[in-house]
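Undergrad: work-v1.txt is the file, holding compact mmCIF, C-alpha atoms:
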```txt
# COMPACT_ATOMS: atom_id res chain seq x y z
CA MET A 1 -0.87 -9.05 4.53
CA GLU A 2 -3.32 -11.89 5.11
CA HIS A 3 -4.76 -11.33 1.63
CA ASN A 4 -1.28 -11.61 0.04
CA CYS A 5 -0.57 -14.77 2.02
CA PHE A 6 -3.86 -16.32 0.85
CA THR A 7 -3.15 -15.33 -2.77
CA ASN A 8 0.32 -16.87 -2.59
CA LYS A 9 -1.14 -20.13 -1.29
CA ILE A 10 -3.59 -20.22 -4.22
CA PHE A 11 -0.79 -19.65 -6.73
CA ILE A 12 1.36 -22.31 -5.09
CA TYR A 13 -1.57 -24.76 -5.13
CA ILE A 14 -2.34 -24.08 -8.81
CA PHE A 15 1.32 -24.31 -9.84
CA LYS A 16 1.84 -27.54 -7.90
CA TRP A 17 -1.13 -29.29 -9.46
CA LEU A 18 -0.38 -27.91 -12.91
CA LEU A 19 3.04 -29.50 -12.61
CA LEU A 20 1.92 -32.77 -11.01
CA GLY A 21 -1.15 -33.12 -13.25
CA ALA A 22 0.78 -32.53 -16.46
CA LEU A 23 3.69 -34.73 -15.36
CA ILE A 24 1.60 -37.75 -14.39
CA GLY A 25 -0.51 -37.25 -17.52
CA ILE A 26 2.56 -37.38 -19.78
CA VAL A 27 3.96 -40.45 -18.01
CA CYS A 28 0.59 -42.24 -18.12
CA GLY A 29 0.15 -41.21 -21.74
CA PHE A 30 3.53 -42.68 -22.71
CA ILE A 31 3.08 -45.94 -20.76
CA GLY A 32 -0.57 -46.09 -21.90
CA ALA A 33 0.52 -45.84 -25.53
CA VAL A 34 3.01 -48.68 -25.06
CA PHE A 35 0.32 -50.74 -23.33
CA ALA A 36 -2.39 -49.99 -25.94
CA ASN A 37 -0.08 -50.79 -28.86
CA ALA A 38 1.02 -54.02 -27.16
CA VAL A 39 -2.61 -55.08 -26.61
CA GLU A 40 -3.46 -54.30 -30.24
CA TYR A 41 -0.43 -56.23 -31.52
CA LEU A 42 -1.07 -59.28 -29.32
CA THR A 43 -4.77 -59.33 -30.19
CA ALA A 44 -3.99 -59.28 -33.93
CA LEU A 45 -1.36 -61.98 -33.39
CA ARG A 46 -3.90 -64.21 -31.60
CA HIS A 47 -6.50 -63.69 -34.34
CA ASN A 48 -3.98 -64.87 -36.93
CA ASN A 49 -2.61 -67.77 -34.85
CA ASN A 50 -5.37 -69.92 -33.36
CA PHE A 51 -2.86 -72.13 -31.52
CA MET A 52 -2.21 -69.25 -29.07
CA LEU A 53 -5.51 -70.06 -27.36
CA PHE A 54 -3.93 -73.26 -26.00
CA LEU A 55 -1.32 -71.16 -24.20
CA LEU A 56 -4.06 -69.65 -22.02
CA LEU A 57 -3.47 -72.26 -19.29
CA PRO A 58 0.28 -71.65 -18.81
CA GLY A 59 -0.36 -67.94 -19.35
CA GLY A 60 -2.91 -67.91 -16.52
CA ILE A 61 -0.48 -69.67 -14.20
CA LEU A 62 2.16 -67.07 -15.08
CA SER A 63 -0.22 -64.19 -14.31
CA VAL A 64 -0.95 -65.61 -10.85
CA PHE A 65 2.80 -65.99 -10.30
CA LEU A 66 3.34 -62.33 -11.29
CA TYR A 67 0.84 -61.13 -8.69
CA LYS A 68 2.38 -63.29 -5.98
CA PHE A 69 5.94 -62.33 -6.95
CA PHE A 70 5.16 -58.60 -6.68
CA GLY A 71 3.10 -59.10 -3.52
CA VAL A 72 -0.17 -57.69 -4.87
CA SER A 73 -2.44 -60.75 -4.79
CA GLY A 74 -6.03 -59.66 -4.27
CA VAL A 75 -5.49 -56.12 -5.58
CA SER A 76 -8.22 -55.13 -8.05
CA THR A 77 -10.07 -52.08 -9.37
CA ASP A 78 -12.19 -52.34 -6.24
CA SER A 79 -8.98 -51.91 -4.22
CA VAL A 80 -8.15 -48.76 -6.18
CA ILE A 81 -11.59 -47.31 -5.44
CA ALA A 82 -11.15 -48.25 -1.78
CA SER A 83 -7.85 -46.33 -1.80
CA ILE A 84 -9.71 -43.20 -2.99
CA ASN A 85 -12.07 -43.69 -0.07
CA GLY A 86 -9.06 -43.91 2.24
CA GLU A 87 -9.59 -47.58 3.09
CA LYS A 88 -6.58 -49.12 1.36
CA ARG A 89 -3.21 -48.14 -0.07
CA ILE A 90 -2.10 -49.06 -3.57
CA THR A 91 1.62 -49.77 -4.01
CA LYS A 92 3.76 -49.21 -7.09
CA ASN A 93 4.22 -52.99 -7.39
CA ILE A 94 0.81 -53.21 -9.04
CA VAL A 95 2.25 -51.62 -12.22
CA PRO A 96 4.39 -54.53 -13.53
CA ALA A 97 1.89 -57.11 -12.22
CA ILE A 98 -1.25 -55.76 -13.91
CA PHE A 99 0.68 -54.74 -17.04
CA GLY A 100 2.01 -58.25 -17.55
CA ALA A 101 -1.13 -60.11 -16.45
CA THR A 102 -3.42 -58.10 -18.75
CA LEU A 103 -1.15 -58.63 -21.75
CA ILE A 104 -1.25 -62.35 -20.99
CA SER A 105 -5.07 -62.28 -20.91
CA GLN A 106 -5.26 -60.43 -24.23
CA ALA A 107 -2.57 -62.52 -25.93
CA PHE A 108 -4.13 -65.89 -25.14
CA GLY A 109 -7.86 -65.13 -25.22
CA ALA A 110 -9.32 -64.59 -21.76
CA SER A 111 -12.57 -62.63 -22.07
CA VAL A 112 -11.56 -59.46 -20.23
CA GLY A 113 -11.06 -55.81 -21.14
CA LYS A 114 -8.28 -53.33 -20.52
CA GLU A 115 -9.93 -50.57 -18.46
CA GLY A 116 -9.35 -52.39 -15.16
CA ALA A 117 -5.68 -52.47 -16.05
CA SER A 118 -5.76 -48.78 -16.98
CA LEU A 119 -7.25 -47.74 -13.63
CA GLN A 120 -4.85 -49.91 -11.65
CA LEU A 121 -1.82 -48.84 -13.70
CA GLY A 122 -2.78 -45.19 -13.20
CA ALA A 123 -3.10 -45.72 -9.45
CA GLY A 124 0.24 -47.55 -9.32
CA ILE A 125 2.02 -44.75 -11.19
CA ALA A 126 0.42 -42.26 -8.80
CA ALA A 127 1.86 -44.28 -5.90
CA CYS A 128 5.34 -43.86 -7.46
CA PHE A 129 4.82 -40.09 -7.72
CA SER A 130 3.47 -39.91 -4.18
CA GLU A 131 6.56 -41.64 -2.84
CA LEU A 132 8.89 -39.52 -4.97
CA PHE A 133 7.36 -36.15 -4.00
CA LYS A 134 6.53 -37.11 -0.38
CA LEU A 135 2.81 -36.28 -0.75
CA ASN A 136 0.40 -36.50 2.17
CA LYS A 137 -2.69 -38.72 2.31
CA ASP A 138 -5.13 -36.22 0.72
CA GLU A 139 -2.66 -35.25 -2.01
CA THR A 140 -2.04 -38.92 -2.77
CA LYS A 141 -5.78 -39.46 -3.10
CA ILE A 142 -6.07 -36.66 -5.68
CA LEU A 143 -2.99 -37.89 -7.55
CA THR A 144 -4.45 -41.41 -7.65
CA VAL A 145 -7.56 -40.04 -9.34
CA CYS A 146 -5.32 -38.11 -11.79
CA GLY A 147 -3.40 -41.26 -12.69
CA MET A 148 -6.54 -43.36 -13.14
CA GLY A 149 -8.14 -40.76 -15.40
CA ALA A 150 -4.97 -40.18 -17.39
CA PHE A 151 -4.46 -43.85 -18.18
CA PHE A 152 -8.15 -44.30 -19.05
CA ALA A 153 -7.98 -41.29 -21.41
CA ALA A 154 -4.77 -42.58 -23.01
CA LEU A 155 -6.34 -45.95 -23.85
CA PHE A 156 -9.85 -44.90 -24.90
CA GLY A 157 -9.28 -41.40 -26.29
CA THR A 158 -12.04 -39.86 -24.16
CA PRO A 159 -10.36 -37.26 -21.89
CA ILE A 160 -13.47 -35.52 -20.52
CA GLY A 161 -15.38 -38.76 -19.93
CA ALA A 162 -12.31 -40.32 -18.31
CA CYS A 163 -11.96 -37.35 -15.96
CA ILE A 164 -15.60 -37.38 -14.88
CA PHE A 165 -15.63 -41.18 -14.56
CA VAL A 166 -12.75 -41.35 -12.08
CA VAL A 167 -13.97 -38.42 -9.94
CA GLU A 168 -17.50 -39.90 -9.93
CA VAL A 169 -16.84 -43.63 -9.52
CA ALA A 170 -15.91 -43.71 -5.82
CA PHE A 171 -19.06 -42.05 -4.48
CA ILE A 172 -22.43 -42.91 -6.04
CA GLY A 173 -24.31 -39.66 -6.55
CA LYS A 174 -21.37 -37.37 -5.70
CA MET A 175 -18.00 -36.39 -7.13
CA LEU A 176 -14.55 -35.76 -5.70
CA LEU A 177 -14.67 -32.09 -6.70
CA SER A 178 -11.18 -31.22 -5.45
CA ALA A 179 -9.69 -33.57 -8.06
CA ILE A 180 -11.49 -32.25 -11.17
CA PHE A 181 -8.98 -29.54 -12.15
CA PRO A 182 -5.76 -31.61 -11.93
CA THR A 183 -7.48 -34.74 -13.30
CA LEU A 184 -8.78 -32.96 -16.39
CA LEU A 185 -5.28 -31.62 -17.02
CA SER A 186 -3.81 -35.12 -16.59
CA CYS A 187 -6.40 -36.65 -18.91
CA TYR A 188 -5.72 -34.18 -21.71
CA ALA A 189 -1.93 -34.50 -21.29
CA ALA A 190 -2.21 -38.30 -21.49
CA PHE A 191 -4.67 -38.15 -24.39
CA TYR A 192 -2.42 -35.97 -26.57
CA CYS A 193 0.72 -37.88 -25.59
CA SER A 194 -0.80 -41.27 -26.51
CA LYS A 195 -2.25 -39.79 -29.70
CA LEU A 196 1.22 -38.62 -30.76
CA LEU A 197 2.46 -42.17 -30.17
CA GLY A 198 -0.12 -43.73 -32.46
CA VAL A 199 -3.08 -44.59 -30.20
CA LYS A 200 -6.22 -43.76 -32.17
CA GLY A 201 -8.81 -43.98 -29.40
CA GLU A 202 -12.39 -45.03 -30.01
CA TYR A 203 -15.12 -43.26 -31.97
CA PHE A 204 -18.22 -44.67 -33.68
CA ASN A 205 -20.33 -42.86 -36.27
CA VAL A 206 -24.02 -43.03 -35.35
CA TYR A 207 -25.59 -41.52 -38.44
CA THR A 208 -29.25 -42.52 -38.11
CA ILE A 209 -30.79 -40.83 -35.08
CA PRO A 210 -34.61 -41.08 -34.86
CA LYS A 211 -36.73 -37.96 -34.69
CA LEU A 212 -37.90 -36.83 -31.27
CA SER A 213 -41.32 -38.39 -30.77
CA VAL A 214 -43.33 -40.38 -28.24
CA ASN A 215 -42.76 -43.51 -30.32
CA SER A 216 -38.96 -43.10 -30.41
CA PHE A 217 -38.86 -42.35 -26.66
CA TYR A 218 -40.93 -45.48 -26.02
CA LYS A 219 -38.55 -47.64 -28.08
CA VAL A 220 -35.44 -46.23 -26.39
CA ILE A 221 -36.92 -46.82 -22.93
CA LEU A 222 -37.81 -50.38 -23.94
CA ILE A 223 -34.20 -50.99 -25.06
CA VAL A 224 -32.89 -49.53 -21.79
CA VAL A 225 -35.22 -51.54 -19.53
CA SER A 226 -34.40 -54.77 -21.41
CA THR A 227 -30.68 -53.96 -21.17
CA ILE A 228 -31.00 -53.49 -17.40
CA VAL A 229 -32.48 -57.00 -17.11
CA VAL A 230 -29.52 -58.40 -19.06
CA GLY A 231 -27.13 -56.35 -16.90
CA TYR A 232 -28.74 -57.58 -13.69
CA ILE A 233 -28.33 -61.21 -14.79
CA PHE A 234 -24.72 -60.52 -15.82
CA ILE A 235 -23.66 -58.86 -12.56
CA LYS A 236 -25.41 -61.35 -10.30
CA LEU A 237 -23.86 -64.25 -12.20
CA LEU A 238 -20.46 -62.57 -12.07
CA HIS A 239 -20.56 -61.90 -8.31
CA PHE A 240 -21.95 -65.38 -7.60
CA CYS A 241 -19.26 -67.16 -9.62
CA GLU A 242 -16.44 -64.99 -8.23
CA LYS A 243 -17.55 -65.75 -4.67
CA TRP A 244 -18.05 -69.49 -5.07
CA ALA A 245 -15.05 -70.07 -7.33
CA ALA A 246 -12.83 -68.60 -4.59
CA LYS A 247 -14.51 -70.78 -1.95
CA ILE A 248 -14.59 -74.05 -3.87
CA VAL A 249 -11.16 -73.78 -5.54
CA VAL A 250 -9.01 -71.99 -2.96
CA ASN A 251 -5.71 -72.49 -4.78
CA GLU A 252 -5.34 -69.60 -7.26
CA TYR A 253 -3.15 -71.59 -9.66
CA LEU A 254 -5.72 -74.39 -9.87
CA ARG A 255 -8.63 -71.95 -10.18
CA ILE A 256 -7.16 -70.05 -13.10
CA SER A 257 -6.11 -73.33 -14.76
CA LEU A 258 -9.67 -74.66 -14.60
CA GLY A 259 -10.97 -71.34 -15.96
CA ALA A 260 -8.49 -71.49 -18.84
CA VAL A 261 -9.57 -75.04 -19.73
CA LEU A 262 -13.24 -74.00 -19.71
CA VAL A 263 -12.55 -71.01 -21.97
CA ILE A 264 -10.59 -73.22 -24.40
CA ILE A 265 -13.34 -75.87 -24.50
CA LEU A 266 -16.08 -73.25 -25.01
CA THR A 267 -14.10 -71.59 -27.79
CA LEU A 268 -13.71 -74.93 -29.58
CA ILE A 269 -17.45 -75.63 -29.19
CA VAL A 270 -18.41 -72.18 -30.52
CA GLY A 271 -15.97 -72.59 -33.41
CA ASN A 272 -14.58 -69.05 -33.50
CA ASN A 273 -12.67 -66.55 -31.36
CA TYR A 274 -15.35 -63.82 -31.32
CA TYR A 275 -15.75 -64.06 -27.54
CA ASN A 276 -12.09 -64.17 -26.55
CA GLY A 277 -10.18 -61.07 -25.54
CA ALA A 278 -11.82 -57.68 -25.07
CA GLY A 279 -14.03 -57.99 -28.15
CA PHE A 280 -13.59 -54.57 -29.73
CA HIS A 281 -13.54 -56.19 -33.19
CA ILE A 282 -17.15 -57.34 -32.66
CA ILE A 283 -18.18 -53.94 -31.29
CA HIS A 284 -16.76 -52.37 -34.46
CA LYS A 285 -18.73 -54.85 -36.57
CA VAL A 286 -21.97 -53.94 -34.84
CA MET A 287 -21.23 -50.22 -35.03
CA ASN A 288 -20.59 -50.61 -38.77
CA GLY A 289 -24.09 -52.03 -39.18
CA GLU A 290 -23.02 -55.66 -39.63
CA GLN A 291 -25.16 -58.50 -38.30
CA VAL A 292 -23.87 -60.69 -35.48
CA ASN A 293 -25.18 -63.80 -33.76
CA TYR A 294 -28.43 -63.13 -31.86
CA PHE A 295 -26.93 -64.96 -28.87
CA ALA A 296 -23.60 -63.13 -28.98
CA PHE A 297 -24.39 -61.19 -25.80
CA VAL A 298 -25.20 -64.42 -23.94
CA LEU A 299 -21.97 -66.07 -25.03
CA LYS A 300 -19.94 -62.99 -24.06
CA ILE A 301 -21.52 -63.03 -20.60
CA VAL A 302 -20.56 -66.70 -20.16
CA PHE A 303 -16.98 -66.20 -21.40
CA THR A 304 -16.49 -63.07 -19.26
CA VAL A 305 -17.92 -64.58 -16.08
CA ILE A 306 -15.65 -67.63 -16.39
CA SER A 307 -12.56 -65.52 -17.17
CA VAL A 308 -13.06 -63.00 -14.35
CA ALA A 309 -14.11 -65.60 -11.77
CA ALA A 310 -11.05 -67.68 -12.65
CA GLY A 311 -8.77 -64.71 -11.94
CA PHE A 312 -7.73 -63.38 -15.35
CA LYS A 313 -6.86 -59.67 -15.27
CA GLY A 314 -8.08 -56.82 -17.46
CA GLY A 315 -11.49 -55.62 -16.33
CA GLU A 316 -15.12 -55.86 -17.33
CA ILE A 317 -15.98 -52.55 -19.03
CA VAL A 318 -15.05 -53.48 -22.63
CA PRO A 319 -16.95 -56.80 -22.33
CA THR A 320 -19.84 -54.69 -20.99
CA LEU A 321 -19.73 -52.53 -24.12
CA PHE A 322 -19.68 -55.73 -26.20
CA ILE A 323 -22.75 -57.08 -24.38
CA GLY A 324 -24.58 -53.75 -24.62
CA ALA A 325 -23.81 -53.34 -28.33
CA THR A 326 -24.80 -56.87 -29.36
CA PHE A 327 -27.95 -56.90 -27.21
CA GLY A 328 -28.92 -53.47 -28.56
CA SER A 329 -28.58 -54.78 -32.11
CA VAL A 330 -30.90 -57.69 -31.24
CA MET A 331 -33.50 -55.28 -29.85
CA ALA A 332 -33.19 -53.16 -33.01
CA SER A 333 -34.44 -56.05 -35.16
CA PHE A 334 -37.55 -56.42 -32.97
CA LEU A 335 -38.33 -52.71 -32.62
CA GLY A 336 -37.53 -51.61 -36.16
CA VAL A 337 -34.88 -49.04 -35.24
CA ASP A 338 -31.40 -48.51 -36.64
CA THR A 339 -28.98 -51.21 -35.46
CA VAL A 340 -26.09 -48.82 -34.79
CA PHE A 341 -28.29 -46.41 -32.83
CA ALA A 342 -29.76 -49.24 -30.71
CA ALA A 343 -26.26 -50.57 -30.04
CA ALA A 344 -25.15 -47.11 -28.83
CA ILE A 345 -28.17 -46.98 -26.48
CA GLY A 346 -27.42 -50.50 -25.23
CA MET A 347 -23.78 -49.66 -24.49
CA THR A 348 -24.66 -46.42 -22.69
CA ALA A 349 -27.42 -47.98 -20.58
CA LEU A 350 -25.45 -51.08 -19.56
CA LEU A 351 -22.33 -49.09 -18.71
CA CYS A 352 -24.33 -46.71 -16.53
CA PHE A 353 -26.21 -49.51 -14.79
CA LEU A 354 -23.04 -51.39 -13.90
CA THR A 355 -20.69 -48.50 -13.05
CA LYS A 356 -23.19 -46.14 -11.33
CA CYS A 357 -21.59 -43.12 -13.05
CA PRO A 358 -24.44 -41.35 -14.91
CA LEU A 359 -22.70 -38.08 -15.78
CA ALA A 360 -19.55 -39.86 -16.94
CA CYS A 361 -21.57 -42.30 -19.05
CA LEU A 362 -23.45 -39.45 -20.72
CA ILE A 363 -20.19 -37.66 -21.57
CA LEU A 364 -18.55 -40.90 -22.71
CA ALA A 365 -21.55 -41.53 -24.98
CA VAL A 366 -21.13 -38.09 -26.55
CA GLU A 367 -17.37 -38.63 -26.98
CA LEU A 368 -17.88 -42.10 -28.46
CA PHE A 369 -21.01 -41.55 -30.57
CA GLY A 370 -21.26 -37.80 -31.17
CA LEU A 371 -23.51 -35.01 -29.89
CA LYS A 372 -26.44 -35.60 -32.24
CA GLY A 373 -28.20 -38.26 -30.12
CA ILE A 374 -27.55 -36.68 -26.71
CA ILE A 375 -31.26 -36.55 -25.77
CA PHE A 376 -31.58 -40.31 -26.22
CA TYR A 377 -28.31 -41.00 -24.40
CA LEU A 378 -29.61 -38.85 -21.55
CA ILE A 379 -32.78 -40.96 -21.42
CA ALA A 380 -30.65 -44.12 -21.38
CA VAL A 381 -28.60 -42.77 -18.47
CA ILE A 382 -31.62 -41.56 -16.46
CA PHE A 383 -33.51 -44.85 -16.73
CA SER A 384 -30.46 -47.07 -16.14
CA PHE A 385 -28.98 -45.28 -13.13
CA LEU A 386 -29.96 -47.28 -10.06
CA PRO A 387 -27.89 -46.24 -6.99
CA ILE A 388 -27.63 -49.74 -5.53
CA LYS A 389 -23.99 -50.79 -5.22
CA LYS A 390 -24.77 -54.54 -5.19
CA THR A 391 -25.94 -54.25 -8.80
CA GLY A 392 -22.65 -52.76 -9.97
CA PHE A 393 -19.08 -53.86 -10.59
CA TYR A 394 -17.46 -52.12 -7.65
CA ASN A 395 -18.31 -53.10 -4.08
CA SER A 396 -16.07 -50.34 -2.73
CA GLN A 397 -18.31 -47.58 -4.09
CA LYS A 398 -19.97 -45.48 -1.38
CA CYS A 399 -23.60 -44.50 -1.89
CA ARG A 400 -23.79 -40.85 -0.74
CA LEU A 401 -26.61 -39.75 -3.00
CA TYR A 402 -28.84 -38.65 -0.16
CA GLU A 403 -26.21 -37.10 2.10
CA ARG A 404 -26.41 -33.37 2.79
```
Show how you would write the structure in this file as structure tokens.
TA:
Amino acid sequence: MEHNCFTNKIFIYIFKWLLLGALIGIVCGFIGAVFANAVEYLTALRHNNNFMLFLLLPGGILSVFLYKFFGVSGVSTDSVIASINGEKRITKNIVPAIFGATLISQAFGASVGKEGASLQLGAGIAACFSELFKLNKDETKILTVCGMGAFFAALFGTPIGACIFVVEVAFIGKMLLSAIFPTLLSCYAAFYCSKLLGVKGEYFNVYTIPKLSVNSFYKVILIVVSTIVVGYIFIKLLHFCEKWAAKIVVNEYLRISLGAVLVIILTLIVGNNYYNGAGFHIIHKVMNGEQVNYFAFVLKIVFTVISVAAGFKGGEIVPTLFIGATFGSVMASFLGVDTVFAAAIGMTALLCFLTKCPLACLILAVELFGLKGIIFYLIAVIFSFLPIKKTGFYNSQKCRLYER
């Protein structure tokens, strides 16, 4: 009798999460496709209409208004991670706020990505489901992870990496194991749904992989260590500017206006729009073997720090891939290795260093660059994983690497 009761509970659990996982995955996949296509359209529109840059100032003011109107001022990806840890609660109001604010950033040229929006949108949609199905605190936590992973998979086309990233990101060195099954289901549902709606995802062909040798290992380690130095400067500058910008310019409208003016002035000085928006067009150039400015990674750091510190929404992961790719290509010219391969190593190492998600970064590298160079991506992950939360993007991460 007890055995039958236990078996029934297992079946009910599996059925419930099959239903919830698939449902939130489909919803996130549909909304993610709309979001991704809107970002792509607005980015292309900005590239073809340089005057749109000058709308960054009123656009920034509008994005601050959106957050205040929906009552979610101060909510960020850090807040979403804190909600997984049980410290905060994300409301459904974040969905229209982050959706609109990120499109504004992309349309008018703030140097931010889209993954921050994907994680927050996924968490907001999960909050809607939690309210609808009257889920308890633990169930809401799992559903939040499902939503985050699903939206990430819908935008980037990396379902396995998205799943591992969101179950790994909250706790450095550990994973939220109870969420893996429903999250993987959500990620694949969202991935296929967005694919059907025209979202291509990201994939880069890394054809030239060096032979396994002491010399190639030495060069990869040198790229990784140099990338960590760049990443350390980037994150310290980002945290410093975020902190002091909020202290010096308390008014959010004024802060984002000043940031917009700085971005506009810098863009005019540079003379092109390479460093506005997420920057995927430059990543694609590098991954196609094209040469870019040796100081491109420095300029992207400056543009991203100003945009994020000013309060523009979108996230930092795509700019991180930009910085890693362009810096890797610079190192390639000094070390005599293939530019595309060095860029892939740079992206993998910098992403791991700043997100503290080694397993996810390894899987993302395989999904983005292929299986052929996995040994070198593994080296990049091993040498770049430093479990110190103050050298990463997310202050809400818990370091539980040494817990029993």
Undergrad: Hey, which of A:Asn215, A:Thr91, A:Ser111, A:Ser178 ends up closest to Leu299 in chain A? Count all atoms listed in the file.
TA: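 Of A:Asn215, A:Thr91, A:Ser111, A:Ser178, the one nearest Leu299 in chain A is A:Ser111, counting all atoms listed in the file.
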Undergrad: Wanna dump the range 20-76 of chain A-range 239-254 of chain A contacts at 10 Å for me, each residue with its shortest atom pair and the distance in Å to one decimal, counting all atoms listed in the file, ordered by chain and number, as a tab-separated table?
TA:
```
residue	atom	partner	partner_atom	distance
A:Leu57	CA	A:Tyr253	CA	9.7
A:Pro58	CA	A:Tyr253	CA	9.8
A:Gly60	CA	A:Tyr253	CA	7.8
A:Ile61	CA	A:Tyr253	CA	5.6
A:Leu62	CA	A:Tyr253	CA	8.8
A:Ser63	CA	A:Tyr253	CA	9.2
A:Val64	CA	A:Tyr253	CA	6.5
A:Phe65	CA	A:Tyr253	CA	8.2
A:Ser73	CA	A:Glu252	CA	9.6
```
Undergrad: If you count all atoms listed in the file, which residues fall within 7 Å of Ser186 in chain A, apart from same-chain ones fewer than 3 positions away, as a list in words?
TA: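 Result of the neighbour search: Gly21, Ala22, Ile24, Gly25, Cys146, Ala150, Pro182, Thr183, Ala189 and Ala190 of chain A.
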Undergrad: Determine the nearest neighbour of Tyr232 in chain A from the options A:Leu42, A:Ala349, A:Ala380, A:Leu19, counting only C-alpha atoms.
TA: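 Ranking A:Leu42, A:Ala349, A:Ala380, A:Leu19 by distance to Tyr232 in chain A, first place goes to A:Ala349.
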Undergrad: Please indicate the distance in Å from CA of Ser333 in chain A to CA of Ile269 in chain A, rounded to one decimal place.
TA: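 Separation between CA of Ser333 in chain A and CA of Ile269 in chain A: 26.6 Å.
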Undergrad: Of the candidates A:Ala296, A:Leu321, A:Ala123, A:Val39, which one gets nearest to Thr102 in chain A if we count only C-alpha atoms?
TA: A:Val39
Undergrad: If we count all atoms listed in the file, what is near Ala117 in chain A at a cut-off of 10 Å, once residues fewer than 2 positions away on the same chain are taken out, given as a list in words?
TA: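 My list of contacting residues is Phe35, Ser76, Thr77, Ile94, Val95, Ala97, Ile98, Phe99, Gly100, Ala101, Thr102, Leu103, Gly113, Lys114, Glu115, Leu119, Gln120, Leu121, Gly122, Ala123, Met148, Phe151, Phe152, Lys313, Gly314 and Gly315 of chain A.
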Undergrad: List the neighbours of Thr43 in chain A out to 7 Å using all atoms listed in the file; skip same-chain residues closer than 3 positions along the sequence, and give me the result as a compact mmCIF listing (two decimals) with C-alpha atoms, keeping the file's coordinate frame.
TA:
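File produced: out_36.txt:
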```txt
# COMPACT_ATOMS: atom_id res chain seq x y z
CA VAL A 39 -2.61 -55.08 -26.61
CA GLU A 40 -3.46 -54.30 -30.24
CA ARG A 46 -3.90 -64.21 -31.60
CA HIS A 47 -6.50 -63.69 -34.34
CA GLN A 106 -5.26 -60.43 -24.23
CA ALA A 107 -2.57 -62.52 -25.93
```
Undergrad: Using only C-alpha atoms, which residue out of A:Phe312, A:Phe165, A:Phe30, A:Phe369 lies closest to Gly59 in chain A?
TA: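 So, comparing all the options, the nearest one is A:Phe312.
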Undergrad: Let me make sure I understand: among A:Asn205, A:Asn293, A:Ser194, A:Ser384, which one has the smallest atom-to-atom distance to Gly231 in chain A if we use all atoms listed in the file?
TA: A:Ser384
Undergrad: Since the input has fewer atoms than a full residue there, write range 224-233 of chain A out with N, CA, C and O atoms, as a PDB file, in the frame of the given file.
TA:
```pdb
ATOM      1  N   VAL A 224     -33.603 -49.756 -23.056  1.00  0.00           N
ATOM      2  CA  VAL A 224     -32.890 -49.530 -21.790  1.00  0.00           C
ATOM      3  C   VAL A 224     -33.356 -50.504 -20.716  1.00  0.00           C
ATOM      4  O   VAL A 224     -32.535 -51.127 -20.029  1.00  0.00           O
ATOM      5  N   VAL A 225     -34.674 -50.650 -20.560  1.00  0.00           N
ATOM      6  CA  VAL A 225     -35.220 -51.540 -19.530  1.00  0.00           C
ATOM      7  C   VAL A 225     -34.782 -52.986 -19.793  1.00  0.00           C
ATOM      8  O   VAL A 225     -34.381 -53.711 -18.868  1.00  0.00           O
ATOM      9  N   SER A 226     -34.829 -53.406 -21.055  1.00  0.00           N
ATOM     10  CA  SER A 226     -34.400 -54.770 -21.410  1.00  0.00           C
ATOM     11  C   SER A 226     -32.912 -54.950 -21.137  1.00  0.00           C
ATOM     12  O   SER A 226     -32.472 -56.007 -20.665  1.00  0.00           O
ATOM     13  N   THR A 227     -32.130 -53.911 -21.415  1.00  0.00           N
ATOM     14  CA  THR A 227     -30.680 -53.960 -21.170  1.00  0.00           C
ATOM     15  C   THR A 227     -30.387 -54.084 -19.682  1.00  0.00           C
ATOM     16  O   THR A 227     -29.450 -54.797 -19.287  1.00  0.00           O
ATOM     17  N   ILE A 228     -31.177 -53.402 -18.852  1.00  0.00           N
ATOM     18  CA  ILE A 228     -31.000 -53.490 -17.400  1.00  0.00           C
ATOM     19  C   ILE A 228     -31.222 -54.927 -16.925  1.00  0.00           C
ATOM     20  O   ILE A 228     -30.488 -55.421 -16.056  1.00  0.00           O
ATOM     21  N   VAL A 229     -32.217 -55.597 -17.478  1.00  0.00           N
ATOM     22  CA  VAL A 229     -32.480 -57.000 -17.110  1.00  0.00           C
ATOM     23  C   VAL A 229     -31.268 -57.863 -17.447  1.00  0.00           C
ATOM     24  O   VAL A 229     -30.821 -58.672 -16.634  1.00  0.00           O
ATOM     25  N   VAL A 230     -30.723 -57.663 -18.649  1.00  0.00           N
ATOM     26  CA  VAL A 230     -29.520 -58.400 -19.060  1.00  0.00           C
ATOM     27  C   VAL A 230     -28.347 -58.063 -18.120  1.00  0.00           C
ATOM     28  O   VAL A 230     -27.617 -58.948 -17.676  1.00  0.00           O
ATOM     29  N   GLY A 231     -28.197 -56.778 -17.795  1.00  0.00           N
ATOM     30  CA  GLY A 231     -27.130 -56.350 -16.900  1.00  0.00           C
ATOM     31  C   GLY A 231     -27.265 -56.931 -15.510  1.00  0.00           C
ATOM     32  O   GLY A 231     -26.263 -57.305 -14.881  1.00  0.00           O
ATOM     33  N   TYR A 232     -28.483 -57.017 -15.023  1.00  0.00           N
ATOM     34  CA  TYR A 232     -28.740 -57.580 -13.690  1.00  0.00           C
ATOM     35  C   TYR A 232     -28.332 -59.057 -13.659  1.00  0.00           C
ATOM     36  O   TYR A 232     -27.667 -59.508 -12.718  1.00  0.00           O
ATOM     37  N   ILE A 233     -28.703 -59.796 -14.708  1.00  0.00           N
ATOM     38  CA  ILE A 233     -28.330 -61.210 -14.790  1.00  0.00           C
ATOM     39  C   ILE A 233     -26.802 -61.342 -14.848  1.00  0.00           C
ATOM     40  O   ILE A 233     -26.201 -62.180 -14.164  1.00  0.00           O
TER      41      ILE A 233
END
```
